[in-house]
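Shown below: run00.cif, with mmCIF, C-alpha atoms.
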```cif
data_structure
loop_
_atom_site.group_PDB
_atom_site.id
_atom_site.type_symbol
_atom_site.label_atom_id
_atom_site.label_comp_id
_atom_site.auth_asym_id
_atom_site.auth_seq_id
_atom_site.Cartn_x
_atom_site.Cartn_y
_atom_site.Cartn_z
ATOM 1 C CA MET A 1 0.000 0.000 0.000
ATOM 2 C CA ARG A 2 3.065 2.278 -0.031
ATOM 3 C CA GLU A 3 2.414 5.674 -1.645
ATOM 4 C CA SER A 4 -0.975 4.490 -2.987
ATOM 5 C CA ASP A 5 -3.934 6.806 -3.520
ATOM 6 C CA PHE A 6 -7.026 5.687 -1.589
ATOM 7 C CA SER A 7 -8.623 9.128 -1.378
ATOM 8 C CA GLY A 8 -12.402 8.910 -1.026
ATOM 9 C CA SER A 9 -12.310 5.118 -0.660
ATOM 10 C CA THR A 10 -14.467 3.057 1.688
ATOM 11 C CA PHE A 11 -12.607 0.645 3.959
ATOM 12 C CA ASN A 12 -15.485 0.378 6.447
ATOM 13 C CA GLY A 13 -14.921 -2.775 8.527
ATOM 14 C CA ALA A 14 -11.750 -3.777 6.666
ATOM 15 C CA TYR A 15 -8.982 -5.879 8.166
ATOM 16 C CA LEU A 16 -5.655 -4.076 7.577
ATOM 17 C CA GLU A 17 -3.558 -5.631 10.353
ATOM 18 C CA LYS A 18 0.214 -5.149 9.804
ATOM 19 C CA ALA A 19 -0.353 -3.334 6.493
ATOM 20 C CA VAL A 20 2.316 -0.899 5.338
ATOM 21 C CA ALA A 21 0.779 2.315 3.985
ATOM 22 C CA TYR A 22 3.820 4.604 4.078
ATOM 23 C CA LYS A 23 2.918 7.969 2.470
ATOM 24 C CA ALA A 24 -0.463 6.574 1.328
ATOM 25 C CA ASN A 25 -3.265 9.046 0.607
ATOM 26 C CA PHE A 26 -6.479 8.364 2.565
ATOM 27 C CA THR A 27 -7.954 11.864 2.110
ATOM 28 C CA GLY A 28 -11.690 11.710 2.802
ATOM 29 C CA ALA A 29 -11.643 7.904 3.146
ATOM 30 C CA ASP A 30 -14.076 6.000 5.368
ATOM 31 C CA LEU A 31 -11.926 3.856 7.665
ATOM 32 C CA SER A 32 -14.588 3.452 10.347
ATOM 33 C CA ASP A 33 -14.765 0.114 12.214
ATOM 34 C CA THR A 34 -11.461 -0.931 10.619
ATOM 35 C CA LEU A 35 -8.871 -3.141 12.282
ATOM 36 C CA MET A 36 -5.570 -1.340 11.703
ATOM 37 C CA ASP A 37 -3.527 -3.024 14.449
ATOM 38 C CA ARG A 38 0.250 -2.676 13.955
ATOM 39 C CA MET A 39 -0.240 -0.741 10.728
ATOM 40 C CA VAL A 40 2.488 1.530 9.353
ATOM 41 C CA LEU A 41 0.953 4.902 8.456
ATOM 42 C CA ASN A 42 4.113 7.023 8.525
ATOM 43 C CA GLU A 43 3.553 10.276 6.631
ATOM 44 C CA ALA A 44 0.147 9.030 5.425
ATOM 45 C CA ASN A 45 -2.428 11.652 4.478
ATOM 46 C CA LEU A 46 -5.549 11.144 6.626
ATOM 47 C CA THR A 47 -7.038 14.575 5.909
ATOM 48 C CA ASN A 48 -10.813 14.487 6.550
ATOM 49 C CA ALA A 49 -10.751 10.684 6.969
ATOM 50 C CA VAL A 50 -13.366 9.000 9.190
ATOM 51 C CA LEU A 51 -11.689 6.576 11.619
ATOM 52 C CA VAL A 52 -14.651 6.176 13.994
ATOM 53 C CA ARG A 53 -14.323 3.021 16.156
ATOM 54 C CA SER A 54 -11.143 1.922 14.336
ATOM 55 C CA VAL A 55 -8.508 -0.093 16.166
ATOM 56 C CA LEU A 56 -5.062 1.459 15.739
ATOM 57 C CA THR A 57 -3.193 -0.284 18.562
ATOM 58 C CA ARG A 58 0.572 -0.451 18.099
ATOM 59 C CA SER A 59 0.236 1.408 14.786
ATOM 60 C CA ASP A 60 2.775 4.014 13.718
ATOM 61 C CA LEU A 61 1.300 7.336 12.584
ATOM 62 C CA GLY A 62 4.580 9.270 12.727
ATOM 63 C CA GLY A 63 4.345 12.338 10.519
ATOM 64 C CA ALA A 64 0.771 11.504 9.410
ATOM 65 C CA ILE A 65 -1.384 14.393 8.221
ATOM 66 C CA ILE A 66 -4.539 14.237 10.355
ATOM 67 C CA GLU A 67 -6.220 17.598 9.744
ATOM 68 C CA GLY A 68 -9.986 17.067 9.890
ATOM 69 C CA ALA A 69 -9.711 13.343 10.710
ATOM 70 C CA ASP A 70 -12.352 11.932 13.084
ATOM 71 C CA PHE A 71 -10.970 9.416 15.621
ATOM 72 C CA SER A 72 -14.163 9.157 17.728
ATOM 73 C CA ASP A 73 -14.147 5.914 19.749
ATOM 74 C CA ALA A 74 -10.969 4.760 17.976
ATOM 75 C CA VAL A 75 -8.582 2.639 20.026
ATOM 76 C CA LEU A 76 -5.100 4.201 20.050
ATOM 77 C CA ASP A 77 -2.077 3.674 22.249
ATOM 78 C CA LEU A 78 -1.777 6.503 24.768
ATOM 79 C CA THR A 79 1.668 7.553 23.510
ATOM 80 C CA GLN A 80 0.415 7.665 19.901
ATOM 81 C CA LYS A 81 -2.642 9.694 20.931
ATOM 82 C CA GLN A 82 -0.469 12.163 22.844
ATOM 83 C CA ALA A 83 1.820 12.559 19.821
ATOM 84 C CA LEU A 84 -1.155 13.238 17.525
ATOM 85 C CA CYS A 85 -2.642 15.751 19.971
ATOM 86 C CA LYS A 86 0.476 17.920 19.617
ATOM 87 C CA TYR A 87 -0.581 18.930 16.120
ATOM 88 C CA ALA A 88 -4.221 17.792 15.700
ATOM 89 C CA SER A 89 -6.444 20.389 14.029
ATOM 90 C CA GLY A 90 -9.462 20.816 11.807
ATOM 91 C CA MET A 91 -13.029 19.552 11.725
ATOM 92 C CA ASN A 92 -14.276 16.553 9.763
ATOM 93 C CA PRO A 93 -16.683 17.709 7.019
ATOM 94 C CA ILE A 94 -18.686 14.448 7.128
ATOM 95 C CA THR A 95 -19.196 14.019 10.881
ATOM 96 C CA GLY A 96 -18.780 17.635 12.007
ATOM 97 C CA VAL A 97 -16.429 16.544 14.827
ATOM 98 C CA SER A 98 -13.115 18.284 15.483
ATOM 99 C CA THR A 99 -9.972 16.166 15.308
ATOM 100 C CA ARG A 100 -8.813 17.349 18.725
ATOM 101 C CA LYS A 101 -12.165 16.528 20.344
ATOM 102 C CA SER A 102 -12.315 13.080 18.721
ATOM 103 C CA LEU A 103 -8.846 12.279 20.077
ATOM 104 C CA GLY A 104 -9.772 13.606 23.524
ATOM 105 C CA CYS A 105 -6.933 16.123 23.471
ATOM 106 C CA GLY A 106 -6.737 18.375 26.512
ATOM 107 C CA ASN A 107 -9.114 16.470 28.764
ATOM 108 C CA ASN A 108 -8.986 13.515 31.139
ATOM 109 C CA ARG A 109 -11.490 11.428 29.238
ATOM 110 C CA ARG A 110 -10.157 9.001 26.648
ATOM 111 C CA ASN A 111 -12.203 10.612 23.913
ATOM 112 C CA ALA A 112 -15.276 12.731 23.381
ATOM 113 C CA TYR A 113 -17.759 9.879 22.992
ATOM 114 C CA GLY A 114 -16.758 7.540 25.821
ATOM 115 C CA SER A 115 -14.803 4.406 25.081
ATOM 116 C CA PRO A 116 -15.288 1.107 23.250
ATOM 117 C CA SER A 117 -15.606 -0.602 26.635
ATOM 118 C CA SER A 118 -18.613 1.554 27.551
ATOM 119 C CA PRO A 119 -20.747 1.577 24.388
ATOM 120 C CA LEU A 120 -23.884 2.702 26.214
ATOM 121 C CA LEU A 121 -22.174 6.007 26.895
ATOM 122 C CA SER A 122 -20.915 6.213 23.328
ATOM 123 C CA ALA A 123 -22.683 7.233 20.173
ATOM 124 C CA PRO A 124 -21.398 7.975 16.680
ATOM 125 C CA PRO A 125 -21.907 11.540 15.516
ATOM 126 C CA GLN A 126 -25.408 12.111 14.087
ATOM 127 C CA LYS A 127 -24.038 13.274 10.742
ATOM 128 C CA LEU A 128 -22.304 9.882 10.329
ATOM 129 C CA LEU A 129 -25.598 8.075 10.983
ATOM 130 C CA ASP A 130 -27.456 10.249 8.475
ATOM 131 C CA ARG A 131 -24.965 9.979 5.617
ATOM 132 C CA ASP A 132 -26.446 6.760 4.172
ATOM 133 C CA GLY A 133 -29.636 8.639 3.295
ATOM 134 C CA PHE A 134 -31.955 6.164 5.033
ATOM 135 C CA CYS A 135 -32.775 8.434 7.952
ATOM 136 C CA ASP A 136 -35.949 10.459 8.127
ATOM 137 C CA PRO A 137 -34.884 14.028 8.960
ATOM 138 C CA SER A 138 -38.259 14.843 10.558
ATOM 139 C CA THR A 139 -38.211 11.939 13.055
ATOM 140 C CA GLY A 140 -34.493 11.105 13.203
ATOM 141 C CA LEU A 141 -35.355 7.406 12.759
ATOM 142 C CA CYS A 142 -33.252 5.289 10.427
ATOM 143 C CA ASP A 143 -34.426 2.293 8.377
ATOM 144 C CA ALA A 144 -31.627 -0.250 7.853
ATOM 145 C CA THR A 145 -33.755 -2.402 5.522
ATOM 146 C CA LYS A 146 -33.703 0.009 2.582
#
```
Just give me the structure of the file as structure tokens.
Amino acid sequence: MRESDFSGSTFNGAYLEKAVAYKANFTGADLSDTLMDRMVLNEANLTNAVLVRSVLTRSDLGGAIIEGADFSDAVLDLTQKQALCKYASGMNPITGVSTRKSLGCGNNRRNAYGSPSSPLLSAPPQKLLDRDGFCDPSTGLCDATK
């Protein structure tokens, strides 16, 4: 996956364990619910990517561009999260969540939506739920059978 262009791609629920995506372009990609354990993402472009509920344990995001990326409920090593918080910025155009808030930068909570171990306290951003077009805007109810 080195230096590949995956901009705008959908990897929702993919299994990318130990993948090497050095300098890969994931701009605007949907990486939600993806297993990215021990993945190499050095200098990868994750601008405006959705990484909601992704597992990034022991992954290397050194030098990754994360402006506008949404890491809500993602599982990251504490040291990796702290490194990303040093330069996290922007707001995801799909979910409307700021990168810093999704990483839980500057607060004692792990992230803005709870943690994967307490799903009852967690909820994906409403804009992410509505993006499939099956939700009724007047009631807020979604029909998964369509």
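Between CA of Ala24 (chain A) and CA of Ile65 (chain A) the interatomic distance comes to 10.5 Å.
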### Query
For the atom pair CA of Asn45 (chain A) and CA of Lys101 (chain A), what is the interatomic distance in Å to one decimal place?
19.2 Å
Name every residue that the PyMOL selection byres ((chain A and resi 15) around 8) selects in this structure, writing the answer as a PDB file with C-alpha atoms, keeping the file's coordinate frame with chains first and numbers rising.
```
ATOM      1  CA  GLY A  13     -14.921  -2.775   8.527  1.00  0.00           C
ATOM      2  CA  ALA A  14     -11.750  -3.777   6.666  1.00  0.00           C
ATOM      3  CA  LEU A  16      -5.655  -4.076   7.577  1.00  0.00           C
ATOM      4  CA  GLU A  17      -3.558  -5.631  10.353  1.00  0.00           C
ATOM      5  CA  THR A  34     -11.461  -0.931  10.619  1.00  0.00           C
ATOM      6  CA  LEU A  35      -8.871  -3.141  12.282  1.00  0.00           C
ATOM      7  CA  MET A  36      -5.570  -1.340  11.703  1.00  0.00           C
TER       8      MET A  36
END
```
### Task
Select all residues near (4.1, 0.1, 17.9) (cut-off 9 Å, inclusive, file coordinates), counting all atoms listed in the file, and output them as an NGL selection string.
:A and (37-40 or 57-60 or 77 or 80)
Residues from the last selection, C-alpha atoms, saved as a CSV table (one decimal), keeping the file's coordinate frame:
```csv
chain,number,residue,atom,x,y,z
A,37,ASP,CA,-3.5,-3.0,14.4
A,38,ARG,CA,0.2,-2.7,14.0
A,39,MET,CA,-0.2,-0.7,10.7
A,40,VAL,CA,2.5,1.5,9.4
A,57,THR,CA,-3.2,-0.3,18.6
A,58,ARG,CA,0.6,-0.5,18.1
A,59,SER,CA,0.2,1.4,14.8
A,60,ASP,CA,2.8,4.0,13.7
A,77,ASP,CA,-2.1,3.7,22.2
A,80,GLN,CA,0.4,7.7,19.9
```
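Nearest to Ser72 (chain A) of all the residues A:Ser32, A:Ser89, A:Ser7, A:Asn42 is A:Ser32, based on all atoms listed in the file.
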#### Entry: Selection: 9 Å around Cys85 (chain A), all atoms listed in the file, excl. self and same-chain fewer than 5 positions, as a ChimeraX atom specification
/A:80,99-100,103-106
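For the pair CA of Tyr22 (chain A) and CA of Glu3 (chain A), the interatomic distance is 6.0 Å.
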### Query
At a cut-off of 7 Å from (-17.1, 2.4, 3.8) in the coordinates of the file, what residues are picked up using all atoms listed in the file, written as a PyMOL selection string?
chain A and resi 10-12+30-31
#### Entry: Shortest interatomic distance to Gly8 (chain A) - which of A:Ser54, A:Ser98, A:Asn48, A:Asn92, counting all atoms listed in the file
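Closest residue, counting all atoms listed in the file: A:Asn48.
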### Task
Could you tell me which residues the PyMOL selection byres ((chain A and resi 67) around 12) grabs in this file, written as a ChimeraX atom specification?
/A:26-28,44-50,63-66,68-71,84-93,97-100,102-103
